[in-house]
$ cat data_9.csv   # CSV, C-alpha atoms
chain,number,residue,atom,x,y,z
A,223,MET,CA,230.9,121.3,248.0
A,224,ALA,CA,233.2,122.3,250.8
A,225,VAL,CA,236.5,120.4,250.8
A,226,ARG,CA,238.6,119.9,253.9
A,227,LEU,CA,242.1,118.7,254.7
A,228,ARG,CA,241.5,116.5,257.8
A,229,LEU,CA,242.6,113.5,259.7
A,230,THR,CA,241.1,110.0,259.4
A,231,ARG,CA,242.1,107.2,261.8
A,232,VAL,CA,243.6,104.0,260.7
A,233,GLY,CA,245.6,101.4,262.6
A,234,GLY,CA,244.7,98.9,265.3
A,235,LYS,CA,243.0,99.1,268.7
A,236,LYS,CA,245.0,101.4,271.0
A,237,ASN,CA,247.5,102.0,268.1
A,238,PRO,CA,246.1,105.0,266.2
A,239,ILE,CA,247.8,106.2,263.0
A,240,TRP,CA,246.2,109.1,261.3
A,241,ARG,CA,246.1,109.8,257.5
A,242,VAL,CA,245.8,113.4,256.3
A,243,VAL,CA,243.1,113.2,253.6
A,244,VAL,CA,241.2,115.6,251.3
A,245,ALA,CA,237.5,115.0,251.9
A,246,ASP,CA,234.1,116.6,251.6
A,247,GLN,CA,233.2,118.0,254.9
A,248,ARG,CA,229.8,116.2,254.9
A,249,SER,CA,231.4,112.7,254.8
A,250,PRO,CA,232.1,110.9,258.1
A,251,ARG,CA,235.5,111.0,259.8
A,252,ASP,CA,236.6,107.5,258.6
A,253,GLY,CA,234.4,107.5,255.5
A,254,ARG,CA,234.8,108.5,252.0
A,255,PHE,CA,237.7,110.8,250.9
A,256,ILE,CA,239.1,112.2,247.7
A,257,GLU,CA,242.8,111.7,248.2
A,258,VAL,CA,245.4,110.7,250.8
A,259,VAL,CA,248.1,113.5,251.1
A,260,GLY,CA,250.0,112.4,254.2
A,261,GLN,CA,250.3,110.4,257.4
A,262,TYR,CA,250.8,111.3,261.1
A,263,ASN,CA,251.9,108.9,263.8
A,264,ALA,CA,252.0,110.3,267.3
A,265,GLN,CA,253.0,106.9,268.9
A,266,THR,CA,256.6,107.3,267.8
A,267,ASN,CA,259.1,109.5,269.7
A,268,PRO,CA,259.4,112.0,268.0
A,269,SER,CA,256.1,112.0,266.1
A,270,THR,CA,256.4,110.9,262.5
A,271,ILE,CA,254.8,113.3,260.0
A,272,THR,CA,254.9,112.5,256.3
A,273,LEU,CA,253.2,115.0,254.0
A,274,ASP,CA,253.0,115.4,250.2
A,275,GLU,CA,253.7,119.1,250.1
A,276,ASP,CA,253.0,119.6,246.3
A,277,ARG,CA,249.5,118.0,246.5
A,278,ILE,CA,248.6,119.9,249.7
A,279,LYS,CA,249.6,123.2,248.1
A,280,LEU,CA,247.5,122.3,245.1
A,281,TRP,CA,244.4,121.6,247.2
A,282,LEU,CA,244.9,124.7,249.3
A,283,ASP,CA,245.1,126.8,246.1
A,284,LYS,CA,241.8,125.2,245.0
A,285,GLY,CA,240.2,126.4,248.2
A,286,ALA,CA,240.4,123.4,250.5
A,287,GLN,CA,240.3,124.4,254.2
A,288,PRO,CA,242.5,122.5,256.8
A,289,THR,CA,241.1,121.6,260.2
A,290,SER,CA,242.8,123.0,263.2
A,291,GLN,CA,244.9,119.9,263.8
A,292,VAL,CA,246.0,119.6,260.2
A,293,ARG,CA,246.8,123.3,260.3
A,294,LYS,CA,249.2,122.6,263.3
A,295,LEU,CA,250.8,119.7,261.4
A,296,LEU,CA,251.3,122.0,258.3
A,297,HIS,CA,252.8,124.7,260.5
A,298,THR,CA,255.2,122.1,262.1
A,299,GLN,CA,256.4,121.0,258.7
A,300,GLY,CA,256.8,124.6,257.5
A,301,ILE,CA,254.0,124.6,254.9
A,302,PRO,CA,252.3,128.0,254.8
A,303,VAL,CA,248.5,127.9,255.0
$ encode --input "data_9.csv" --output "structure tokens"
Amino acid sequence: MAVRLRLTRVGGKKNPIWRVVVADQRSPRDGRFIEVVGQYNAQTNPSTITLDEDRIKLWLDKGAQPTSQVRKLLHTQGIPV
């Protein structure tokens, strides 16, 4: 089972808010996930990024791979990948 850190969309129409989740790579984008580890809102100025650094580090140590967009968010927050 390959586990990924990726974004899933929540929020209303034309008002996307993205959750950073840990999910099996085979599940659909807005489908089943293991754990929510953060939130990203690009609608605010500046963008709001809230991440649970301890849980993210734990999942990265277990072998979870972040997607390219989540990798950018982690880099922005100063979390080494």
$ closest_residue --input "data_9.csv" --among "A:Ile256, A:Val243, A:Val232, A:Leu280" --to "Val303 (chain A)" --atoms "all atoms listed in the file"
A:Leu280
$ closest_residue --input "data_9.csv" --among "A:Ile278, A:Leu229, A:Ile301, A:Leu295" --to "Asp252 (chain A)" --atoms "all atoms listed in the file"
A:Leu229
$ residues_near_point --input "data_9.csv" --point "(249.8, 117.9, 260.7)" --cutoff "12 Å" --atoms "all atoms listed in the file" --output "PyMOL selection string"
chain A and resi 227-230+240-243+259-264+269-275+278+288-303
$ atom_distance --input "data_9.csv" --atom1 "CA of Gln287 (chain A)" --atom2 "CA of Val244 (chain A)"
9.3 Å
$ closest_residue --input "data_9.csv" --among "A:Val258, A:Asp246, A:Arg231, A:Asn237" --to "Ala286 (chain A)" --atoms "all atoms listed in the file"
A:Asp246
$ residues_around --input "data_9.csv" --residues "Arg248 (chain A)" --least-positions-apart "6" --cutoff "10 Å" --atoms "all atoms listed in the file" --output "VMD selection string"
chain A and resid 223 to 226 254
$ atom_distance --input "data_9.csv" --atom1 "CA of Leu282 (chain A)" --atom2 "CA of Arg251 (chain A)"
19.7 Å
$ closest_residue --input "data_9.csv" --among "A:Ile239, A:Gly233, A:Lys284, A:Ala245" --to "Thr266 (chain A)" --atoms "all atoms listed in the file"
A:Ile239
$ build_atoms --input "data_9.csv" --residues "region 252-271 of chain A" --atoms "N, CA and C atoms" --output "PDB file, in the coordinates of the input"
ATOM      1  N   ASP A 252     235.902 108.658 259.202  1.00  0.00           N
ATOM      2  CA  ASP A 252     236.600 107.500 258.600  1.00  0.00           C
ATOM      3  C   ASP A 252     235.962 107.065 257.316  1.00  0.00           C
ATOM      4  N   GLY A 253     235.137 107.916 256.739  1.00  0.00           N
ATOM      5  CA  GLY A 253     234.400 107.500 255.500  1.00  0.00           C
ATOM      6  C   GLY A 253     235.112 107.903 254.260  1.00  0.00           C
ATOM      7  N   ARG A 254     234.310 108.266 253.299  1.00  0.00           N
ATOM      8  CA  ARG A 254     234.800 108.500 252.000  1.00  0.00           C
ATOM      9  C   ARG A 254     235.711 109.749 251.911  1.00  0.00           C
ATOM     10  N   PHE A 255     236.774 109.645 251.112  1.00  0.00           N
ATOM     11  CA  PHE A 255     237.700 110.800 250.900  1.00  0.00           C
ATOM     12  C   PHE A 255     238.093 110.847 249.463  1.00  0.00           C
ATOM     13  N   ILE A 256     238.699 111.961 249.098  1.00  0.00           N
ATOM     14  CA  ILE A 256     239.100 112.200 247.700  1.00  0.00           C
ATOM     15  C   ILE A 256     240.512 111.710 247.458  1.00  0.00           C
ATOM     16  N   GLU A 257     241.429 112.056 248.376  1.00  0.00           N
ATOM     17  CA  GLU A 257     242.800 111.700 248.200  1.00  0.00           C
ATOM     18  C   GLU A 257     243.569 111.691 249.514  1.00  0.00           C
ATOM     19  N   VAL A 258     244.537 110.790 249.646  1.00  0.00           N
ATOM     20  CA  VAL A 258     245.400 110.700 250.800  1.00  0.00           C
ATOM     21  C   VAL A 258     246.635 111.594 250.503  1.00  0.00           C
ATOM     22  N   VAL A 259     246.929 112.579 251.363  1.00  0.00           N
ATOM     23  CA  VAL A 259     248.100 113.500 251.100  1.00  0.00           C
ATOM     24  C   VAL A 259     249.121 113.414 252.198  1.00  0.00           C
ATOM     25  N   GLY A 260     248.961 112.519 253.184  1.00  0.00           N
ATOM     26  CA  GLY A 260     250.000 112.400 254.200  1.00  0.00           C
ATOM     27  C   GLY A 260     249.616 111.432 255.293  1.00  0.00           C
ATOM     28  N   GLN A 261     250.520 111.330 256.272  1.00  0.00           N
ATOM     29  CA  GLN A 261     250.300 110.400 257.400  1.00  0.00           C
ATOM     30  C   GLN A 261     250.947 111.029 258.634  1.00  0.00           C
ATOM     31  N   TYR A 262     250.344 110.739 259.795  1.00  0.00           N
ATOM     32  CA  TYR A 262     250.800 111.300 261.100  1.00  0.00           C
ATOM     33  C   TYR A 262     250.728 110.148 262.107  1.00  0.00           C
ATOM     34  N   ASN A 263     251.857 109.880 262.781  1.00  0.00           N
ATOM     35  CA  ASN A 263     251.900 108.900 263.800  1.00  0.00           C
ATOM     36  C   ASN A 263     252.435 109.480 265.091  1.00  0.00           C
ATOM     37  N   ALA A 264     251.570 109.664 266.084  1.00  0.00           N
ATOM     38  CA  ALA A 264     252.000 110.300 267.300  1.00  0.00           C
ATOM     39  C   ALA A 264     252.525 109.257 268.318  1.00  0.00           C
ATOM     40  N   GLN A 265     252.489 107.968 267.976  1.00  0.00           N
ATOM     41  CA  GLN A 265     253.000 106.900 268.900  1.00  0.00           C
ATOM     42  C   GLN A 265     254.495 106.839 268.917  1.00  0.00           C
ATOM     43  N   THR A 266     255.172 107.333 267.882  1.00  0.00           N
ATOM     44  CA  THR A 266     256.600 107.300 267.800  1.00  0.00           C
ATOM     45  C   THR A 266     257.200 108.483 268.597  1.00  0.00           C
ATOM     46  N   ASN A 267     258.461 108.392 268.957  1.00  0.00           N
ATOM     47  CA  ASN A 267     259.100 109.500 269.700  1.00  0.00           C
ATOM     48  C   ASN A 267     260.380 109.871 268.907  1.00  0.00           C
ATOM     49  N   PRO A 268     260.444 111.004 268.205  1.00  0.00           N
ATOM     50  CA  PRO A 268     259.400 112.000 268.000  1.00  0.00           C
ATOM     51  C   PRO A 268     258.336 111.575 267.045  1.00  0.00           C
ATOM     52  N   SER A 269     257.242 112.306 267.018  1.00  0.00           N
ATOM     53  CA  SER A 269     256.100 112.000 266.100  1.00  0.00           C
ATOM     54  C   SER A 269     256.577 111.954 264.676  1.00  0.00           C
ATOM     55  N   THR A 270     256.034 111.011 263.913  1.00  0.00           N
ATOM     56  CA  THR A 270     256.400 110.900 262.500  1.00  0.00           C
ATOM     57  C   THR A 270     255.286 111.599 261.677  1.00  0.00           C
ATOM     58  N   ILE A 271     255.717 112.575 260.878  1.00  0.00           N
ATOM     59  CA  ILE A 271     254.800 113.300 260.000  1.00  0.00           C
ATOM     60  C   ILE A 271     255.321 113.215 258.588  1.00  0.00           C
TER      61      ILE A 271
END
